[in-house]
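A.B. asks: Sharing start.cif, mmCIF, C-alpha atoms and all ligand atoms:
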```cif
data_final
loop_
_atom_site.group_PDB
_atom_site.id
_atom_site.type_symbol
_atom_site.label_atom_id
_atom_site.label_comp_id
_atom_site.auth_asym_id
_atom_site.auth_seq_id
_atom_site.Cartn_x
_atom_site.Cartn_y
_atom_site.Cartn_z
ATOM 1 C CA MET A 22 -75.043 19.248 56.342
ATOM 2 C CA ARG A 23 -75.351 16.130 54.226
ATOM 3 C CA GLU A 24 -79.039 16.712 53.689
ATOM 4 C CA GLN A 25 -78.456 20.363 52.919
ATOM 5 C CA LEU A 26 -75.847 19.459 50.326
ATOM 6 C CA GLU A 27 -78.171 16.910 48.775
ATOM 7 C CA LEU A 28 -80.929 19.497 48.522
ATOM 8 C CA LEU A 29 -78.490 21.985 47.044
ATOM 9 C CA TRP A 30 -77.407 19.414 44.485
ATOM 10 C CA GLU A 31 -81.048 18.888 43.622
ATOM 11 C CA LEU A 32 -81.511 22.636 43.298
ATOM 12 C CA GLN A 33 -78.536 22.832 40.949
ATOM 13 C CA LYS A 34 -80.037 20.153 38.725
ATOM 14 C CA ILE A 35 -83.301 22.074 38.576
ATOM 15 C CA ASP A 36 -81.471 25.280 37.690
ATOM 16 C CA LEU A 37 -79.570 23.584 34.887
ATOM 17 C CA GLY A 38 -82.866 22.171 33.614
ATOM 18 C CA LEU A 39 -84.392 25.634 33.706
ATOM 19 C CA LYS A 40 -81.427 27.011 31.811
ATOM 20 C CA ARG A 41 -81.926 24.428 29.077
ATOM 21 C CA ILE A 42 -85.642 25.164 28.895
ATOM 22 C CA LYS A 43 -84.919 28.871 28.634
ATOM 23 C CA GLU A 44 -82.532 28.304 25.742
ATOM 24 C CA GLU A 45 -85.241 26.325 23.976
ATOM 25 C CA LYS A 46 -87.839 28.979 24.718
ATOM 26 C CA ASP A 47 -85.587 31.672 23.277
ATOM 27 C CA ARG A 48 -85.165 29.638 20.131
ATOM 28 C CA TYR A 49 -88.876 29.238 19.338
ATOM 29 C CA PRO A 50 -89.679 32.729 18.060
ATOM 30 C CA LYS A 51 -86.730 32.500 15.653
ATOM 31 C CA GLU A 52 -87.907 29.107 14.418
ATOM 32 C CA MET A 53 -91.410 30.456 13.951
ATOM 33 C CA LYS A 54 -90.097 33.399 11.980
ATOM 34 C CA LYS A 55 -88.119 31.075 9.729
ATOM 35 C CA LEU A 56 -91.255 29.072 9.001
ATOM 36 C CA ASP A 57 -93.202 32.242 8.231
ATOM 37 C CA GLU A 58 -90.510 33.344 5.789
ATOM 38 C CA LYS A 59 -90.435 29.963 4.087
ATOM 39 C CA GLN A 60 -94.182 30.109 3.660
ATOM 40 C CA LYS A 61 -93.977 33.613 2.248
ATOM 41 C CA VAL A 62 -91.338 32.641 -0.325
ATOM 42 C CA GLU A 63 -93.429 29.705 -1.546
ATOM 43 C CA SER A 64 -96.589 31.804 -1.827
ATOM 44 C CA GLU A 65 -94.790 34.603 -3.611
ATOM 45 C CA ARG A 66 -93.343 32.236 -6.168
ATOM 46 C CA ILE A 67 -96.825 30.997 -7.052
ATOM 47 C CA GLN A 68 -98.103 34.543 -7.180
ATOM 48 C CA LYS A 69 -95.371 35.536 -9.652
ATOM 49 C CA GLU A 70 -96.256 32.684 -11.986
ATOM 50 C CA LYS A 71 -99.912 33.595 -11.845
ATOM 51 C CA GLU A 72 -99.045 37.185 -12.709
ATOM 52 C CA LYS A 73 -97.012 36.028 -15.689
ATOM 53 C CA ILE A 74 -99.928 33.989 -16.982
ATOM 54 C CA GLU A 75 -102.263 36.935 -16.496
ATOM 55 C CA SER A 76 -99.959 39.199 -18.444
ATOM 56 C CA LEU A 77 -99.800 36.693 -21.312
ATOM 57 C CA GLU A 78 -103.589 36.396 -21.303
ATOM 58 C CA LYS A 79 -103.728 40.139 -21.653
ATOM 59 C CA THR A 80 -101.329 40.031 -24.598
ATOM 60 C CA ARG A 81 -103.473 37.352 -26.177
ATOM 61 C CA ARG A 82 -106.655 39.399 -25.792
ATOM 62 C CA GLN A 83 -104.951 42.444 -27.281
ATOM 63 C CA LYS A 84 -103.738 40.489 -30.286
ATOM 64 C CA GLU A 85 -107.156 38.934 -30.786
ATOM 65 C CA GLY A 86 -108.762 42.342 -30.649
ATOM 66 C CA GLN A 87 -106.312 43.659 -33.205
ATOM 67 C CA LEU A 88 -106.910 40.645 -35.419
ATOM 68 C CA SER A 89 -110.638 41.098 -35.445
ATOM 69 C CA LEU A 90 -110.177 44.790 -36.354
ATOM 70 C CA GLU A 91 -107.999 43.750 -39.270
ATOM 71 C CA GLN A 92 -110.574 41.191 -40.347
ATOM 72 C CA GLU A 93 -113.194 43.927 -40.325
ATOM 73 C CA ARG A 94 -110.879 45.969 -42.482
ATOM 74 C CA ILE A 95 -110.657 43.183 -45.025
ATOM 75 C CA LYS A 96 -114.443 43.030 -45.182
ATOM 76 C CA ARG A 97 -114.615 46.756 -45.760
ATOM 77 C CA VAL A 98 -112.050 46.608 -48.519
ATOM 78 C CA GLU A 99 -113.873 43.645 -50.093
ATOM 79 C CA GLY A 100 -117.081 45.685 -50.029
ATOM 80 C CA ARG A 101 -115.360 48.468 -51.909
ATOM 81 C CA MET A 102 -114.340 46.082 -54.678
ATOM 82 C CA PHE A 103 -117.809 46.280 -56.178
ATOM 83 C CA GLU A 104 -117.539 50.010 -56.472
ATOM 84 C CA VAL A 105 -114.205 50.274 -58.286
ATOM 85 C CA LYS A 106 -114.190 51.429 -61.860
ATOM 86 C CA THR A 107 -110.750 50.496 -63.142
ATOM 87 C CA ASN A 108 -108.688 47.392 -63.129
ATOM 88 C CA LYS A 109 -105.835 49.334 -61.556
ATOM 89 C CA GLU A 110 -107.989 50.254 -58.600
ATOM 90 C CA TYR A 111 -109.184 46.691 -58.373
ATOM 91 C CA GLN A 112 -105.614 45.374 -58.324
ATOM 92 C CA ALA A 113 -104.683 47.897 -55.657
ATOM 93 C CA LEU A 114 -107.498 46.679 -53.425
ATOM 94 C CA LEU A 115 -106.550 43.066 -54.008
ATOM 95 C CA SER A 116 -102.971 43.662 -52.981
ATOM 96 C CA GLU A 117 -104.154 45.598 -49.956
ATOM 97 C CA ILE A 118 -106.285 42.626 -48.955
ATOM 98 C CA ASP A 119 -103.358 40.266 -49.522
ATOM 99 C CA ALA A 120 -101.089 42.390 -47.366
ATOM 100 C CA VAL A 121 -103.622 42.517 -44.521
ATOM 101 C CA LYS A 122 -104.306 38.800 -44.801
ATOM 102 C CA GLU A 123 -100.639 38.073 -44.611
ATOM 103 C CA ALA A 124 -100.276 40.277 -41.553
ATOM 104 C CA ASN A 125 -103.286 38.554 -40.014
ATOM 105 C CA SER A 126 -101.900 35.124 -40.518
ATOM 106 C CA ARG A 127 -98.709 36.241 -38.769
ATOM 107 C CA MET A 128 -100.860 37.581 -35.967
ATOM 108 C CA GLU A 129 -102.719 34.266 -35.735
ATOM 109 C CA GLU A 130 -99.409 32.517 -35.524
ATOM 110 C CA GLU A 131 -98.353 34.793 -32.679
ATOM 111 C CA ILE A 132 -101.618 34.202 -30.852
ATOM 112 C CA LEU A 133 -101.109 30.461 -31.107
ATOM 113 C CA GLN A 134 -97.610 30.819 -29.712
ATOM 114 C CA VAL A 135 -98.870 32.850 -26.771
ATOM 115 C CA MET A 136 -101.589 30.274 -26.157
ATOM 116 C CA ASP A 137 -99.007 27.497 -26.172
ATOM 117 C CA GLU A 138 -96.910 29.430 -23.730
ATOM 118 C CA ILE A 139 -99.928 29.964 -21.476
ATOM 119 C CA ASP A 140 -100.753 26.258 -21.612
ATOM 120 C CA ASP A 141 -97.217 25.309 -20.642
ATOM 121 C CA LEU A 142 -97.163 27.803 -17.783
ATOM 122 C CA LYS A 143 -100.517 26.589 -16.529
ATOM 123 C CA LYS A 144 -99.251 23.028 -16.513
ATOM 124 C CA ASP A 145 -96.125 24.121 -14.600
ATOM 125 C CA LEU A 146 -98.247 26.132 -12.218
ATOM 126 C CA ALA A 147 -100.546 23.206 -11.481
ATOM 127 C CA LYS A 148 -97.536 21.054 -10.678
ATOM 128 C CA ARG A 149 -95.926 23.754 -8.597
ATOM 129 C CA GLU A 150 -99.114 24.436 -6.703
ATOM 130 C CA LYS A 151 -99.245 20.770 -5.818
ATOM 131 C CA ASP A 152 -95.612 20.844 -4.633
ATOM 132 C CA VAL A 153 -96.132 24.051 -2.696
ATOM 133 C CA GLY A 154 -99.233 22.531 -1.149
ATOM 134 C CA VAL A 155 -97.104 19.683 0.186
ATOM 135 C CA THR A 156 -94.442 22.114 1.410
ATOM 136 C CA LEU A 157 -97.011 24.325 3.103
ATOM 137 C CA GLU A 158 -98.520 21.300 4.810
ATOM 138 C CA LYS A 159 -95.082 20.384 6.092
ATOM 139 C CA ILE A 160 -94.532 23.923 7.344
ATOM 140 C CA GLU A 161 -97.893 23.823 9.076
ATOM 141 C CA ALA A 162 -96.995 20.525 10.740
ATOM 142 C CA GLU A 163 -93.670 21.968 11.907
ATOM 143 C CA ARG A 164 -95.465 24.994 13.252
ATOM 144 C CA LYS A 165 -97.875 22.807 15.173
ATOM 145 C CA GLU A 166 -95.049 20.708 16.561
ATOM 146 C CA LEU A 167 -93.257 23.853 17.659
ATOM 147 C CA GLN A 168 -96.379 25.152 19.360
ATOM 148 C CA GLU A 169 -96.781 21.866 21.194
ATOM 149 C CA LYS A 170 -93.168 22.017 22.318
ATOM 150 C CA MET A 171 -93.710 25.563 23.538
ATOM 151 C CA VAL A 172 -96.705 24.492 25.603
ATOM 152 C CA HIS A 173 -94.767 21.531 26.935
ATOM 153 C CA ASP A 174 -91.765 23.663 27.849
ATOM 154 C CA GLU A 175 -93.954 26.268 29.479
ATOM 155 C CA LYS A 176 -95.499 23.563 31.645
ATOM 156 C CA ALA A 177 -92.114 22.048 32.507
ATOM 157 C CA TRP A 178 -90.800 25.509 33.305
ATOM 158 C CA ASN A 179 -93.628 26.253 35.721
ATOM 159 C CA GLU A 180 -93.284 22.861 37.389
ATOM 160 C CA GLN A 181 -89.553 23.299 37.876
ATOM 161 C CA VAL A 182 -89.930 26.831 39.193
ATOM 162 C CA GLU A 183 -92.450 25.550 41.708
ATOM 163 C CA ARG A 184 -90.165 22.703 42.771
ATOM 164 C CA LYS A 185 -87.326 25.146 43.076
ATOM 165 C CA GLU A 186 -89.304 27.357 45.413
ATOM 166 C CA VAL A 187 -90.218 24.443 47.662
ATOM 167 C CA LEU A 188 -86.645 23.212 47.658
ATOM 168 C CA SER A 189 -85.109 26.608 48.319
ATOM 169 C CA LYS A 190 -87.187 26.939 51.465
ATOM 170 C CA GLN A 191 -85.696 23.728 52.822
ATOM 171 C CA ILE A 192 -82.147 24.972 52.430
ATOM 172 C CA GLU A 193 -80.505 27.406 54.832
ATOM 173 C CA SER A 194 -80.847 30.876 53.389
ATOM 174 C CA LYS A 195 -77.130 31.540 53.867
ATOM 175 C CA LEU A 196 -76.318 28.511 51.731
ATOM 176 C CA VAL A 197 -78.850 29.444 49.070
ATOM 177 C CA LYS A 198 -77.360 32.903 48.926
ATOM 178 C CA LEU A 199 -73.827 31.551 48.515
ATOM 179 C CA TYR A 200 -75.032 29.154 45.848
ATOM 180 C CA ASN A 201 -76.820 31.909 43.945
ATOM 181 C CA THR A 202 -73.784 34.168 44.031
ATOM 182 C CA LEU A 203 -71.533 31.387 42.762
ATOM 183 C CA LYS A 204 -74.041 30.364 40.137
ATOM 184 C CA GLU A 205 -74.199 33.865 38.793
ATOM 185 C CA LYS A 206 -70.437 34.232 38.610
ATOM 186 C CA ARG A 207 -69.719 30.740 37.360
ATOM 187 C CA ASP A 208 -71.825 30.222 34.269
ATOM 188 C CA GLY A 209 -74.919 28.961 36.086
ATOM 189 C CA VAL A 210 -73.095 26.334 38.122
ATOM 190 C CA GLY A 211 -72.655 26.820 41.866
ATOM 191 C CA VAL A 212 -72.381 23.196 42.968
ATOM 192 C CA VAL A 213 -70.274 20.645 41.137
ATOM 193 C CA SER A 214 -69.311 17.044 41.561
ATOM 194 C CA VAL A 215 -65.762 15.824 41.846
ATOM 195 C CA LYS A 216 -64.556 12.871 39.896
ATOM 196 C CA SER A 217 -61.146 11.255 40.254
ATOM 197 C CA GLU A 218 -59.939 14.234 42.306
ATOM 198 C CA ILE A 219 -60.951 16.622 39.528
ATOM 199 C CA CYS A 220 -63.481 19.410 40.023
ATOM 200 C CA GLN A 221 -66.099 18.952 37.283
ATOM 201 C CA GLY A 222 -66.646 22.696 37.136
ATOM 202 C CA CYS A 223 -63.176 23.952 36.303
ATOM 203 C CA PHE A 224 -61.470 20.600 35.663
ATOM 204 C CA VAL A 225 -58.589 21.358 37.965
ATOM 205 C CA ASN A 226 -57.331 18.842 40.515
ATOM 206 C CA VAL A 227 -58.394 19.187 44.132
ATOM 207 C CA PRO A 228 -55.909 18.190 46.888
ATOM 208 C CA PRO A 229 -56.242 14.511 47.938
ATOM 209 C CA GLN A 230 -57.158 15.392 51.500
ATOM 210 C CA MET A 231 -59.916 17.653 50.241
ATOM 211 C CA PHE A 232 -61.167 14.928 47.943
ATOM 212 C CA ILE A 233 -61.539 12.635 50.951
ATOM 213 C CA GLU A 234 -63.472 15.378 52.746
ATOM 214 C CA VAL A 235 -65.754 15.918 49.773
ATOM 215 C CA GLN A 236 -66.593 12.213 49.577
ATOM 216 C CA LYS A 237 -67.984 12.359 53.083
ATOM 217 C CA ASN A 238 -70.512 14.956 51.926
ATOM 218 C CA ASN A 239 -71.003 16.333 55.409
ATOM 219 C CA ALA A 240 -69.127 19.615 55.238
ATOM 220 C CA LEU A 241 -69.130 22.647 52.996
ATOM 221 C CA VAL A 242 -66.055 22.217 50.831
ATOM 222 C CA ARG A 243 -65.261 24.593 48.029
ATOM 223 C CA CYS A 244 -62.993 24.136 45.052
ATOM 224 C CA PRO A 245 -59.748 26.035 45.705
ATOM 225 C CA HIS A 246 -59.591 26.970 42.049
ATOM 226 C CA CYS A 247 -63.126 28.020 41.000
ATOM 227 C CA ASN A 248 -64.670 28.465 44.457
ATOM 228 C CA ARG A 249 -67.682 26.325 43.638
ATOM 229 C CA ILE A 250 -69.277 24.147 46.319
ATOM 230 C CA LEU A 251 -68.105 20.580 45.857
ATOM 231 C CA TYR A 252 -70.449 17.622 46.016
ATOM 232 C CA TRP A 253 -69.837 13.903 45.966
ATOM 233 C CA ASP A 254 -72.390 12.153 43.775
ATOM 234 C CA GLY A 255 -70.753 8.749 43.965
ATOM 235 C CA GLY A 256 -68.281 9.420 41.177
ATOM 236 C CA ARG A 257 -70.835 9.638 38.409
ATOM 237 C CA ASN A 258 -69.854 11.872 35.554
ATOM 238 C CA THR A 259 -72.521 14.486 36.060
ATOM 239 C CA ARG A 260 -72.225 17.964 37.348
HETATM 240 ZN ZN ZN B 301 -63.326 24.007 40.448
#
```
Show me, as structure tokens, the structure contained in the file I just sent.
Ligand SMILES: [Zn+2]

C.D. replies:
Amino acid sequence: MREQLELLWELQKIDLGLKRIKEEKDRYPKEMKKLDEKQKVESERIQKEKEKIESLEKTRRQKEGQLSLEQERIKRVEGRMFEVKTNKEYQALLSEIDAVKEANSRMEEEILQVMDEIDDLKKDLAKREKDVGVTLEKIEAERKELQEKMVHDEKAWNEQVERKEVLSKQIESKLVKLYNTLKEKRDGVGVVSVKSEICQGCFVNVPPQMFIEVQKNNALVRCPHCNRILYWDGGRNTR
């Protein structure tokens, strides 16, 4: 019985290890998704700034086009000045030219402002792109690390499952069955250690006589409170 209990204890440790690995494995897809989202947010932010610059460039081109049309207009009006007959007409053309020139100089001012704005945004964008580049590199590194962990966990999982199979075959099937039933009902723990007369599964005291029995490790003793199989591991504080 002692050997059987030792094997069962070993099996329990493997099962707890598998449980931990499974929790990790379940976590990975969520972590991956978080990284994807982070990456998306960073890329979208850059995209928005680029779009803003593009829209300002468009405004600039429109204004420049308008300006050159107005400049053409001035030339046309100037050409007509040679044809006028009266001073009144001449004055009218002059004031028309003045008005257009004034409007043009306002337009030039606006174009310069837009160009300044574009320059500033481009500078910001260059800086941001650099920052985002660093962030994206970090995300990529995290992703790689996560993938490595996944591979590692997958390997550990397979190894433990294999060990479990070998071990299970060495234990009486009746005992394995009992253990599995208990494990299922009791939060993945079918065998527990006892420390200072306290069951480490439910943390309730076991009777002193039973504690003595458990320490011998040569009989199947079960906790009167939680029903788990009790195991003496030398008083260490592990399950
Ligand atoms: Zn108990």

A.B. asks: Run the PyMOL selection byres (((chain A and resi 215-230) around 12) and not hetatm) mentally over the shown coordinates, then write out the matched residues as a count of residues only, using the chain letters and numbers from the document.

C.D. replies: 37

A.B. asks: Pick from A:Asn239, A:Ser194, A:Asn179, A:Ser189: nearest to Ile42 of chain A, with all atoms listed in the file counted?

C.D. replies: A:Asn179

A.B. asks: Just the number, please: distance in Å from atom CA of Asp140 of chain A to atom CA of Val121 of chain A, one decimal.

C.D. replies: 28.2 Å

A.B. asks: When distances are computed from all atoms listed in the file, which of A:Gln87, A:Gln33, A:Gln60, A:Thr107 shows the smallest separation from Glu131 of chain A?

C.D. replies: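 Checking each candidate against Glu131 of chain A, we get A:Gln87 as the closest.
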
A.B. asks: What is the distance between atom CA of Val172 of chain A and atom CA of Val155 of chain A, in Å to one decimal?

C.D. replies: 25.9 Å

A.B. asks: Care to translate the PyMOL selection byres (((chain A and resi 32) around 12) and not hetatm) into actual residues of this file, as a PyMOL selection string?

C.D. replies: chain A and resi 25-31+33-39+181-192+196-197+200-201+204+209-213+260

A.B. asks: Keeping only C-alpha atoms, write the selected residues to a file as a PDB file, in the coordinates of the input.

C.D. replies:
```
ATOM      1  CA  GLN A  25     -78.456  20.363  52.919  1.00  0.00           C
ATOM      2  CA  LEU A  26     -75.847  19.459  50.326  1.00  0.00           C
ATOM      3  CA  GLU A  27     -78.171  16.910  48.775  1.00  0.00           C
ATOM      4  CA  LEU A  28     -80.929  19.497  48.522  1.00  0.00           C
ATOM      5  CA  LEU A  29     -78.490  21.985  47.044  1.00  0.00           C
ATOM      6  CA  TRP A  30     -77.407  19.414  44.485  1.00  0.00           C
ATOM      7  CA  GLU A  31     -81.048  18.888  43.622  1.00  0.00           C
ATOM      8  CA  GLN A  33     -78.536  22.832  40.949  1.00  0.00           C
ATOM      9  CA  LYS A  34     -80.037  20.153  38.725  1.00  0.00           C
ATOM     10  CA  ILE A  35     -83.301  22.074  38.576  1.00  0.00           C
ATOM     11  CA  ASP A  36     -81.471  25.280  37.690  1.00  0.00           C
ATOM     12  CA  LEU A  37     -79.570  23.584  34.887  1.00  0.00           C
ATOM     13  CA  GLY A  38     -82.866  22.171  33.614  1.00  0.00           C
ATOM     14  CA  LEU A  39     -84.392  25.634  33.706  1.00  0.00           C
ATOM     15  CA  GLN A 181     -89.553  23.299  37.876  1.00  0.00           C
ATOM     16  CA  VAL A 182     -89.930  26.831  39.193  1.00  0.00           C
ATOM     17  CA  GLU A 183     -92.450  25.550  41.708  1.00  0.00           C
ATOM     18  CA  ARG A 184     -90.165  22.703  42.771  1.00  0.00           C
ATOM     19  CA  LYS A 185     -87.326  25.146  43.076  1.00  0.00           C
ATOM     20  CA  GLU A 186     -89.304  27.357  45.413  1.00  0.00           C
ATOM     21  CA  VAL A 187     -90.218  24.443  47.662  1.00  0.00           C
ATOM     22  CA  LEU A 188     -86.645  23.212  47.658  1.00  0.00           C
ATOM     23  CA  SER A 189     -85.109  26.608  48.319  1.00  0.00           C
ATOM     24  CA  LYS A 190     -87.187  26.939  51.465  1.00  0.00           C
ATOM     25  CA  GLN A 191     -85.696  23.728  52.822  1.00  0.00           C
ATOM     26  CA  ILE A 192     -82.147  24.972  52.430  1.00  0.00           C
ATOM     27  CA  LEU A 196     -76.318  28.511  51.731  1.00  0.00           C
ATOM     28  CA  VAL A 197     -78.850  29.444  49.070  1.00  0.00           C
ATOM     29  CA  TYR A 200     -75.032  29.154  45.848  1.00  0.00           C
ATOM     30  CA  ASN A 201     -76.820  31.909  43.945  1.00  0.00           C
ATOM     31  CA  LYS A 204     -74.041  30.364  40.137  1.00  0.00           C
ATOM     32  CA  GLY A 209     -74.919  28.961  36.086  1.00  0.00           C
ATOM     33  CA  VAL A 210     -73.095  26.334  38.122  1.00  0.00           C
ATOM     34  CA  GLY A 211     -72.655  26.820  41.866  1.00  0.00           C
ATOM     35  CA  VAL A 212     -72.381  23.196  42.968  1.00  0.00           C
ATOM     36  CA  VAL A 213     -70.274  20.645  41.137  1.00  0.00           C
ATOM     37  CA  ARG A 260     -72.225  17.964  37.348  1.00  0.00           C
TER      38      ARG A 260
END
```
